[in-house]
Structure formats: structure tokens, C-alpha cells
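Source file: final-v9.pdb (PDB, C-alpha atoms)
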ATOM      1  CA  MET Q  18       0.000   0.000   0.000
ATOM      2  CA  THR Q  19       1.051   3.612  -0.463
ATOM      3  CA  GLY Q  20       0.981   4.420   3.248
ATOM      4  CA  LEU Q  21      -1.283   7.413   2.666
ATOM      5  CA  LEU Q  22      -4.022   6.216   5.008
ATOM      6  CA  ALA Q  23      -1.514   5.203   7.666
ATOM      7  CA  SER Q  24       0.108   8.639   7.626
ATOM      8  CA  ALA Q  25      -3.310  10.292   7.673
ATOM      9  CA  GLY Q  26      -4.018   8.548  10.941
ATOM     10  CA  GLY Q  27      -0.823   9.825  12.485
ATOM     11  CA  VAL Q  28       1.158   6.581  12.134
ATOM     12  CA  GLN Q  29       4.738   7.563  11.443
ATOM     13  CA  GLY Q  30       7.764   5.297  11.238
ATOM     14  CA  ILE Q  31      11.402   6.008  11.950
ATOM     15  CA  ARG Q  32      13.036   7.125   8.712
ATOM     16  CA  SER Q  33      16.567   6.258   7.646
ATOM     17  CA  SER Q  34      18.907   8.725   5.936
ATOM     18  CA  HIS Q  35      18.259   6.893   2.672
ATOM     19  CA  ALA Q  36      14.470   7.199   3.069
ATOM     20  CA  HIS Q  37      14.801  10.886   3.949
ATOM     21  CA  VAL Q  38      16.802  11.669   0.814
ATOM     22  CA  VAL Q  39      14.498   9.599  -1.413
ATOM     23  CA  GLY Q  40      11.352  11.119   0.106
ATOM     24  CA  THR Q  41      12.557  14.716  -0.039
ATOM     25  CA  LEU Q  42      13.907  14.570  -3.590
ATOM     26  CA  GLY Q  43      10.941  12.503  -4.757
ATOM     27  CA  ARG Q  44       8.459  15.093  -3.488
ATOM     28  CA  GLN Q  45      10.494  17.920  -4.994
ATOM     29  CA  ILE Q  46      10.567  16.208  -8.393
ATOM     30  CA  VAL Q  47       6.888  15.221  -8.420
ATOM     31  CA  GLY Q  48       5.900  18.612  -7.005
ATOM     32  CA  GLY Q  49       7.776  20.486  -9.732
ATOM     33  CA  SER Q  50      10.657  21.989  -7.766
ATOM     34  CA  PHE Q  51      12.882  20.062 -10.163
ATOM     35  CA  PRO Q  52      10.838  20.049 -13.401
ATOM     36  CA  PRO Q  53      11.187  17.448 -16.155
ATOM     37  CA  GLY Q  54      14.358  17.993 -18.155
ATOM     38  CA  SER Q  55      16.170  19.765 -15.344
ATOM     39  CA  ILE Q  56      19.490  18.565 -13.912
ATOM     40  CA  LEU Q  57      19.726  17.809 -10.210
ATOM     41  CA  PRO Q  58      22.513  19.393  -8.143
ATOM     42  CA  GLY Q  59      25.737  17.386  -8.057
ATOM     43  CA  ASP Q  60      26.615  14.750  -5.499
ATOM     44  CA  LYS Q  61      28.783  17.103  -3.459
ATOM     45  CA  GLU Q  62      26.039  19.729  -3.141
ATOM     46  CA  LEU Q  63      23.307  17.183  -2.365
ATOM     47  CA  GLY Q  64      25.537  15.392   0.137
ATOM     48  CA  GLU Q  65      26.108  18.659   1.989
ATOM     49  CA  THR Q  66      22.402  19.568   1.796
ATOM     50  CA  PHE Q  67      21.263  16.294   3.331
ATOM     51  CA  GLY Q  68      24.299  15.656   5.499
ATOM     52  CA  VAL Q  69      24.749  12.142   4.141
ATOM     53  CA  SER Q  70      27.629  10.133   2.710
ATOM     54  CA  ARG Q  71      28.202   9.613  -0.991
ATOM     55  CA  THR Q  72      27.202   5.968  -0.548
ATOM     56  CA  VAL Q  73      23.793   6.871   0.920
ATOM     57  CA  LEU Q  74      23.240   9.460  -1.804
ATOM     58  CA  ARG Q  75      24.083   7.008  -4.588
ATOM     59  CA  GLU Q  76      21.685   4.408  -3.196
ATOM     60  CA  ALA Q  77      18.960   7.056  -2.986
ATOM     61  CA  MET Q  78      19.584   8.000  -6.621
ATOM     62  CA  LYS Q  79      19.308   4.342  -7.635
ATOM     63  CA  THR Q  80      15.944   4.146  -5.878
ATOM     64  CA  LEU Q  81      14.632   7.245  -7.652
ATOM     65  CA  ALA Q  82      15.942   5.938 -10.979
ATOM     66  CA  ALA Q  83      14.089   2.654 -10.413
ATOM     67  CA  LYS Q  84      10.895   4.693 -10.021
ATOM     68  CA  ARG Q  85      11.678   6.272 -13.409
ATOM     69  CA  LEU Q  86      11.892   9.783 -11.977
ATOM     70  CA  ILE Q  87      15.529  10.403 -12.889
ATOM     71  CA  GLU Q  88      18.245   9.129 -15.185
ATOM     72  CA  ALA Q  89      22.002   9.564 -14.929
ATOM     73  CA  LYS Q  90      23.616  10.988 -18.058
ATOM     74  CA  THR Q  91      27.364  10.761 -18.667
ATOM     75  CA  ARG Q  92      29.011  14.205 -18.635
ATOM     76  CA  VAL Q  93      25.599  15.796 -18.120
ATOM     77  CA  GLY Q  94      24.457  14.826 -14.644
ATOM     78  CA  THR Q  95      21.263  13.403 -13.226
ATOM     79  CA  LYS Q  96      18.297  14.430 -15.341
ATOM     80  CA  VAL Q  97      14.653  14.536 -14.242
ATOM     81  CA  LEU Q  98      12.612  12.442 -16.677
ATOM     82  CA  GLU Q  99       9.411  13.494 -18.416
ATOM     83  CA  ARG Q 100       6.198  12.825 -16.458
ATOM     84  CA  GLU Q 101       5.072  10.277 -19.042
ATOM     85  CA  ARG Q 102       7.979   8.061 -18.006
ATOM     86  CA  TRP Q 103       7.322   8.134 -14.259
ATOM     87  CA  ASN Q 104       6.147   4.886 -12.705
ATOM     88  CA  LEU Q 105       2.777   6.092 -11.418
ATOM     89  CA  LEU Q 106       1.966   2.628 -10.082
ATOM     90  CA  ASP Q 107       4.845   2.921  -7.645
ATOM     91  CA  PRO Q 108       3.433   3.438  -4.113
ATOM     92  CA  ASP Q 109       5.864   6.241  -3.276
ATOM     93  CA  VAL Q 110       5.254   8.120  -6.526
ATOM     94  CA  LEU Q 111       1.494   7.877  -5.959
ATOM     95  CA  ARG Q 112       1.883   9.171  -2.424
ATOM     96  CA  TRP Q 113       4.075  12.082  -3.502
ATOM     97  CA  ARG Q 114       1.594  12.945  -6.251
ATOM     98  CA  VAL Q 115      -1.202  13.306  -3.704
ATOM     99  CA  GLU Q 116       0.932  15.125  -1.148
ATOM    100  CA  THR Q 117       2.197  17.747  -3.590
ATOM    101  CA  GLY Q 118      -1.150  18.835  -5.005
ATOM    102  CA  LEU Q 119      -4.311  17.541  -6.628
ATOM    103  CA  ASP Q 120      -6.063  18.467  -9.845
ATOM    104  CA  ALA Q 121      -9.207  17.347 -11.659
ATOM    105  CA  ARG Q 122      -7.307  15.466 -14.370
ATOM    106  CA  PHE Q 123      -5.424  13.337 -11.850
ATOM    107  CA  ILE Q 124      -8.657  12.398 -10.070
ATOM    108  CA  GLU Q 125     -10.288  11.542 -13.394
ATOM    109  CA  ASP Q 126      -7.319   9.453 -14.554
ATOM    110  CA  LEU Q 127      -7.220   7.591 -11.246
ATOM    111  CA  ALA Q 128     -10.934   6.771 -11.468
ATOM    112  CA  THR Q 129     -10.479   5.581 -15.058
ATOM    113  CA  MET Q 130      -7.775   3.151 -13.961
ATOM    114  CA  ARG Q 131      -9.941   1.833 -11.137
ATOM    115  CA  LEU Q 132     -12.846   1.367 -13.542
ATOM    116  CA  ALA Q 133     -10.600  -0.711 -15.787
ATOM    117  CA  PHE Q 134      -9.788  -3.180 -12.999
ATOM    118  CA  GLU Q 135     -12.224  -3.253 -10.103
ATOM    119  CA  PRO Q 136     -15.490  -4.084 -11.903
ATOM    120  CA  GLU Q 137     -13.713  -7.071 -13.446
ATOM    121  CA  ALA Q 138     -12.386  -8.081 -10.029
ATOM    122  CA  ALA Q 139     -15.985  -8.070  -8.781
ATOM    123  CA  ALA Q 140     -17.059 -10.217 -11.740
ATOM    124  CA  LEU Q 141     -14.267 -12.705 -11.052
ATOM    125  CA  ALA Q 142     -15.316 -12.782  -7.397
ATOM    126  CA  CYS Q 143     -18.752 -13.967  -8.573
ATOM    127  CA  ARG Q 144     -17.113 -17.089  -9.977
ATOM    128  CA  ARG Q 145     -14.632 -17.747  -7.190
ATOM    129  CA  ALA Q 146     -16.108 -16.520  -3.904
ATOM    130  CA  THR Q 147     -16.772 -19.126  -1.221
ATOM    131  CA  GLY Q 148     -19.383 -18.867   1.499
ATOM    132  CA  GLU Q 149     -16.645 -17.690   3.852
ATOM    133  CA  ASP Q 150     -15.660 -14.986   1.361
ATOM    134  CA  ILE Q 151     -19.231 -13.692   1.175
ATOM    135  CA  ALA Q 152     -19.448 -13.636   4.965
ATOM    136  CA  ARG Q 153     -16.158 -11.719   5.100
ATOM    137  CA  LEU Q 154     -17.442  -9.068   2.694
ATOM    138  CA  ALA Q 155     -20.755  -8.801   4.531
ATOM    139  CA  ALA Q 156     -18.923  -8.261   7.824
ATOM    140  CA  ILE Q 157     -16.845  -5.472   6.280
ATOM    141  CA  VAL Q 158     -20.021  -3.803   4.995
ATOM    142  CA  GLU Q 159     -21.478  -3.875   8.523
ATOM    143  CA  GLU Q 160     -18.271  -2.310   9.787
ATOM    144  CA  LEU Q 161     -18.498   0.297   7.012
ATOM    145  CA  GLY Q 162     -21.973   1.301   8.196
ATOM    146  CA  ASP Q 163     -20.834   2.215  11.722
ATOM    147  CA  LEU Q 164     -22.145   5.742  12.346
ATOM    148  CA  GLY Q 165     -19.233   6.439  14.683
ATOM    149  CA  HIS Q 166     -16.695   6.633  11.862
ATOM    150  CA  ASP Q 167     -14.360   9.545  11.338
ATOM    151  CA  ARG Q 168     -12.748  10.314   7.971
ATOM    152  CA  THR Q 169      -9.738   8.093   8.533
ATOM    153  CA  SER Q 170     -11.543   5.070   9.965
ATOM    154  CA  ILE Q 171     -14.172   4.901   7.207
ATOM    155  CA  ALA Q 172     -11.488   5.223   4.518
ATOM    156  CA  ARG Q 173      -9.565   2.325   6.046
ATOM    157  CA  VAL Q 174     -12.640   0.088   6.156
ATOM    158  CA  ASP Q 175     -13.520   1.097   2.585
ATOM    159  CA  LEU Q 176     -10.005   0.128   1.514
ATOM    160  CA  LYS Q 177     -10.347  -3.206   3.329
ATOM    161  CA  PHE Q 178     -13.513  -3.956   1.348
ATOM    162  CA  HIS Q 179     -12.010  -3.233  -2.059
ATOM    163  CA  LEU Q 180      -8.835  -5.169  -1.292
ATOM    164  CA  ALA Q 181     -10.975  -8.095  -0.123
ATOM    165  CA  VAL Q 182     -12.788  -8.142  -3.474
ATOM    166  CA  ALA Q 183      -9.415  -8.112  -5.243
ATOM    167  CA  ASP Q 184      -8.237 -11.015  -3.068
ATOM    168  CA  ILE Q 185     -11.407 -13.018  -3.692
ATOM    169  CA  SER Q 186     -10.978 -12.550  -7.459
ATOM    170  CA  GLN Q 187      -7.831 -14.715  -7.100
ATOM    171  CA  ASN Q 188      -6.164 -12.693  -9.835
ATOM    172  CA  PRO Q 189      -2.783 -11.406  -8.555
ATOM    173  CA  PHE Q 190      -2.841  -8.496 -11.003
ATOM    174  CA  MET Q 191      -6.043  -7.219  -9.396
ATOM    175  CA  ARG Q 192      -4.395  -7.216  -5.972
ATOM    176  CA  ALA Q 193      -1.496  -5.260  -7.467
ATOM    177  CA  THR Q 194      -3.840  -2.273  -7.964
ATOM    178  CA  SER Q 195      -4.084  -1.713  -4.190
ATOM    179  CA  GLY Q 196      -1.968   1.431  -4.439
ATOM    180  CA  LEU Q 197      -4.449   3.011  -6.850
ATOM    181  CA  ILE Q 198      -7.359   2.197  -4.548
ATOM    182  CA  GLU Q 199      -5.629   3.531  -1.444
ATOM    183  CA  THR Q 200      -4.637   6.713  -3.273
ATOM    184  CA  ALA Q 201      -8.244   7.316  -4.354
ATOM    185  CA  LEU Q 202      -9.486   6.833  -0.794
ATOM    186  CA  ALA Q 203      -6.775   9.092   0.603
ATOM    187  CA  ILE Q 204      -7.991  11.821  -1.754
ATOM    188  CA  VAL Q 205     -11.527  11.287  -0.473
ATOM    189  CA  LEU Q 206     -10.166  11.578   3.063
ATOM    190  CA  ARG Q 207      -8.568  14.890   2.179
ATOM    191  CA  LEU Q 208     -11.444  16.457   0.227
ATOM    192  CA  SER Q 209     -14.765  14.787   0.947
ATOM    193  CA  SER Q 210     -15.831  11.886   3.144
ATOM    194  CA  PRO Q 211     -19.077  10.003   3.898
ATOM    195  CA  ALA Q 212     -18.092  10.270   7.572
ATOM    196  CA  GLU Q 213     -19.237  13.885   7.514
ATOM    197  CA  ASP Q 214     -22.913  12.821   7.521
ATOM    198  CA  ALA Q 215     -24.762   9.830   8.999
ATOM    199  CA  GLU Q 216     -26.956   9.465   5.933
ATOM    200  CA  MET Q 217     -23.904   9.371   3.681
ATOM    201  CA  ILE Q 218     -22.388   6.620   5.839
ATOM    202  CA  ARG Q 219     -25.593   4.590   5.422
ATOM    203  CA  GLU Q 220     -25.565   5.224   1.677
ATOM    204  CA  CYS Q 221     -21.918   4.158   1.443
ATOM    205  CA  ALA Q 222     -22.648   0.905   3.280
ATOM    206  CA  ASP Q 223     -25.750   0.237   1.163
ATOM    207  CA  ASN Q 224     -23.841   0.782  -2.074
ATOM    208  CA  HIS Q 225     -21.151  -1.672  -1.010
ATOM    209  CA  ARG Q 226     -23.789  -4.120   0.221
ATOM    210  CA  ARG Q 227     -25.204  -4.210  -3.323
ATOM    211  CA  ILE Q 228     -21.801  -5.360  -4.559
ATOM    212  CA  VAL Q 229     -21.806  -8.187  -2.008
ATOM    213  CA  GLU Q 230     -25.338  -9.214  -2.983
ATOM    214  CA  ALA Q 231     -24.345  -9.344  -6.655
ATOM    215  CA  ILE Q 232     -21.268 -11.451  -5.882
ATOM    216  CA  ALA Q 233     -23.290 -13.771  -3.633
ATOM    217  CA  SER Q 234     -25.851 -14.311  -6.410
ATOM    218  CA  LYS Q 235     -23.039 -14.846  -8.957
ATOM    219  CA  ASP Q 236     -24.467 -12.085 -11.145
ATOM    220  CA  GLU Q 237     -21.361 -10.846 -12.937
ATOM    221  CA  GLU Q 238     -23.012  -7.992 -14.820
ATOM    222  CA  ARG Q 239     -24.632  -6.656 -11.655
ATOM    223  CA  ALA Q 240     -21.342  -6.995  -9.797
ATOM    224  CA  ARG Q 241     -19.606  -4.941 -12.481
ATOM    225  CA  ALA Q 242     -22.375  -2.328 -12.480
ATOM    226  CA  THR Q 243     -22.525  -1.915  -8.703
ATOM    227  CA  MET Q 244     -18.740  -1.666  -8.385
ATOM    228  CA  ARG Q 245     -18.658   0.843 -11.234
ATOM    229  CA  ALA Q 246     -21.364   2.914  -9.548
ATOM    230  CA  VAL Q 247     -19.394   3.085  -6.293
ATOM    231  CA  ILE Q 248     -16.221   4.233  -8.043
ATOM    232  CA  GLU Q 249     -18.009   6.789 -10.222
ATOM    233  CA  LEU Q 250     -19.928   8.248  -7.277
ATOM    234  CA  GLY Q 251     -16.722   8.657  -5.291
ATOM    235  CA  ALA Q 252     -14.947  10.321  -8.216
ATOM    236  CA  THR Q 253     -17.859  12.692  -8.854
ATOM    237  CA  ARG Q 254     -18.036  13.777  -5.231
ATOM    238  CA  THR Q 255     -14.282  14.237  -5.061
ATOM    239  CA  GLN Q 256     -14.280  16.364  -8.218
ATOM    240  CA  SER Q 257     -17.078  18.522  -6.781
ATOM    241  CA  ALA Q 258     -15.206  18.939  -3.500
ATOM    242  CA  LEU Q 259     -12.033  19.924  -5.376
ATOM    243  CA  GLU Q 260     -13.935  22.531  -7.393
ATOM    244  CA  GLU Q 261     -15.430  23.922  -4.189
ATOM    245  CA  GLU Q 262     -12.003  24.009  -2.565
ATOM    246  CA  VAL Q 263     -10.618  25.999  -5.483
ATOM    247  CA  ARG Q 264     -13.492  28.493  -5.160
ATOM    248  CA  VAL Q 265     -13.353  28.850  -1.377
ATOM    249  CA  PRO Q 266     -10.028  27.401  -0.157
ATOM    250  CA  GLU Q 267     -10.360  28.664   3.409
ATOM    251  CA  LYS Q 268     -13.416  26.480   4.013
ATOM    252  CA  HIS Q 269     -11.477  23.260   3.344
ATOM    253  CA  PRO Q 270      -8.336  23.061   5.490
ATOM    254  CA  HIS Q 271      -6.270  20.029   4.492
ATOM    255  CA  PRO Q 272      -5.716  17.356   7.119
ATOM    256  CA  GLU Q 273      -2.222  15.905   7.199
ATOM    257  CA  VAL Q 274      -2.013  13.007   4.716
TER     258      VAL Q 274
END
For this file, write the structure as C-alpha cells.
Amino acid sequence: MTGLLASAGGVQGIRSSHAHVVGTLGRQIVGGSFPPGSILPGDKELGETFGVSRTVLREAMKTLAAKRLIEAKTRVGTKVLERERWNLLDPDVLRWRVETGLDARFIEDLATMRLAFEPEAAALACRRATGEDIARLAAIVEELGDLGHDRTSIARVDLKFHLAVADISQNPFMRATSGLIETALAIVLRLSSPAEDAEMIRECADNHRRIVEAIASKDEERARATMRAVIELGATRTQSALEEEVRVPEKHPHPEV
């Protein structure tokens, strides 16, 4: 997972020098401080900036290169790659993308990716779910409908539901989309959440319950449709909240994510 929901809940781990360099430079690149095509400062300057050894810095650069954010060029330096080459399925890159600013296109693109995978995961679950699997999903839906949720807790339960469907599909590629799902829910946590209203919590649980009912009845088309409806509703509400935030930013203070 991307760690977005964990950090939103205040769960912070001890960071190594390597992680600090990777995280700081990664955010600066994704956030535009070092735009595509630009050359990063040299090893000596970066080593002094971060107070780390050349060995730590080189390992950090290898990590960022593996995420397709940078590329070392002989006699040129370390170049920031074009956005089209970034590995946006990488959990860290996804997290940095959310942390450094949201826009309508990113939310739309994220929803499009989810729509390409999750309805099919629900359809596969129709074929492969056991009685225990159905009971597991039903229990998560009951947990989702708890009116005592806050923004973070409902997002975590929502994530648990969607990951459970991916697991039940028994397709490992579906489970590999967990970072996309967590990122979408972290955006909801930041901008708009069902936890703000008891009726919205009930609606959220009911919508997910319809997915479970479709899977239990082995109705693949209904499973696809109900999963698609949940994703599209979330994307629409998030887009609306983003537009409202742009109009009146002071009314929507950002929680730490």
C-alpha cells in the first residue's frame, strides 16, 4: 500500500537517511521543484544539503531511478525524466503525487484506472467466492456502516472492502492495484468523506452491500455495475469537492495526509 491512510491517521515510522533523501527529492521532483528535463545538483552539493555520505546518496539515486523519476547521463548529470515516463503505479510516486497537489485530471485518470480493474475483479469474485468470502465481505459492509466513523476510519474500512474483493478474485494483477485504490481513498479523506454525515455513511454501506449481494448471487453484470457505480460516485463527489475548494479554499483546510 502507499501508506497514505496510515500517515493520515498519524502513524509515522522512523526514517533512515536513505528514506529521507528519497522522500525529499521525490516530493520535490513530483511537485515540480525540479521540473522534467532539469538537472539535479551534483553529489557534493546534495551530500552537503542532506548531510549524508556519498554511498547513501548514490543508493537514494538508484531508488529514484528505479521509479523512473531520474536518469544519470554521462558528462551531463542526473536528469529529471518526463512525467510520461514516471512509474505512477509505484506506491511512493502515488503518495508524492497526492501530497504535492491535486487536480481534476489526476482524479479523473485515477478513477479511469480503477474502472478498468475493479469491476472485473468483482465479476471474477462472482465465480470464485466461497461462502466464507461472502461472509467476510458482509462483515466489512457492517463495519463500514458504523455511524461512529471519522474520515480516517471509514477510509480504512472502505479500503479493506475493495482489497478483499481483489483477493477473492484470485487474480494477482487485481491485488497489485491496491496502491491506486488507497490513493483514491486518501484523496476522499482529504477532500470529501461520507463520515461527515450519517446518511452518507448509510448510503456508502448500502452501495457496497449491493456489490456483495451481486457477488453472492453470482451475477457478474450486476457486480460490475454496482462496483462501477461506487467508483463513479466517489470520483464525482471528489471532483465537486475539489472545485469547491478551489473556489473557497479557506473552508477546506487540508488534514495531514
Write out as JSON lines the residues of segment 104-192 of chain Q that have any atom within 10 Å of an atom of segment 40-63 of chain Q, one row each with the nearest atom pair and its distance in Å to one decimal, counting all atoms listed in the file, sorted by chain and then rising number.
{"residue": "Q:Asp109", "atom": "CA", "partner": "Q:Gly40", "partner_atom": "CA", "distance": 8.1}
{"residue": "Q:Val110", "atom": "CA", "partner": "Q:Gly43", "partner_atom": "CA", "distance": 7.4}
{"residue": "Q:Leu111", "atom": "CA", "partner": "Q:Val47", "partner_atom": "CA", "distance": 9.4}
{"residue": "Q:Arg112", "atom": "CA", "partner": "Q:Arg44", "partner_atom": "CA", "distance": 8.9}
{"residue": "Q:Trp113", "atom": "CA", "partner": "Q:Arg44", "partner_atom": "CA", "distance": 5.3}
{"residue": "Q:Arg114", "atom": "CA", "partner": "Q:Val47", "partner_atom": "CA", "distance": 6.2}
{"residue": "Q:Val115", "atom": "CA", "partner": "Q:Gly48", "partner_atom": "CA", "distance": 9.5}
{"residue": "Q:Glu116", "atom": "CA", "partner": "Q:Arg44", "partner_atom": "CA", "distance": 7.9}
{"residue": "Q:Thr117", "atom": "CA", "partner": "Q:Gly48", "partner_atom": "CA", "distance": 5.1}
{"residue": "Q:Gly118", "atom": "CA", "partner": "Q:Gly48", "partner_atom": "CA", "distance": 7.3}
Which residues come within 6 Å of segment 136-142 of chain Q, counting all atoms listed in the file, excluding same-chain residues fewer than 2 positions away, as an NGL selection string? :Q and (134 or 144-146 or 183 or 185-186 or 237 or 240-241 or 244-245)
Which is closest to Gly196 of chain Q among Q:Gly162, Q:Pro211, Q:Pro108, Q:Gly251, if we use all atoms listed in the file? Q:Pro108
Rank nothing, just name the residue among Q:Arg192, Q:Arg92, Q:Arg75, Q:Arg254 nearest to Leu180 of chain Q, using all atoms listed in the file.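 Closest residue, counting all atoms listed in the file: Q:Arg192.
Here the question is which of Q:Asp120, Q:Glu65, Q:Glu260, Q:Asp184 gets nearest to Glu135 of chain Q using only C-alpha atoms, and that residue is Q:Asp184.
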Just the number, please: distance in Å from atom CA of Ile151 of chain Q to atom CA of Ile228 of chain Q, one decimal.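 According to the coordinates, atom CA of Ile151 of chain Q and atom CA of Ile228 of chain Q are separated by 10.4 Å.
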Which one of Q:Met130, Q:Ala121, Q:Ala215, Q:Leu161 sits closest to Ile198 of chain Q if you count all atoms listed in the file?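 Result for the nearest residue to Ile198 of chain Q: Q:Met130.
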Using all atoms listed in the file, determine which residues lie at most 10 Å from Leu250 of chain Q, disregarding the query and same-chain residues fewer than 5 positions distant; provide the list as a ChimeraX atom specification. /Q:221,224,245,255-256
Atomic separation - atom CA of Cys143 of chain Q relative to atom CA of Glu238 of chain Q, Å: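 Separation between atom CA of Glu238 of chain Q and atom CA of Cys143 of chain Q: 9.6 Å.
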Just how far from atom CA of Lys177 of chain Q is atom CA of Ser257 of chain Q, in Å to one decimal?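 These two atoms are separated by 24.9 Å.
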Counting only C-alpha atoms, closest pick from Q:Glu149, Q:Glu101, Q:Asp214, Q:Glu230 relative to Ile171 of chain Q is Q:Asp214
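Restricting the calculation to all atoms listed in the file, the smallest distance between Ser210 of chain Q and any of Q:Ile87, Q:Leu127, Q:Arg173, Q:Val229 is found for Q:Arg173.
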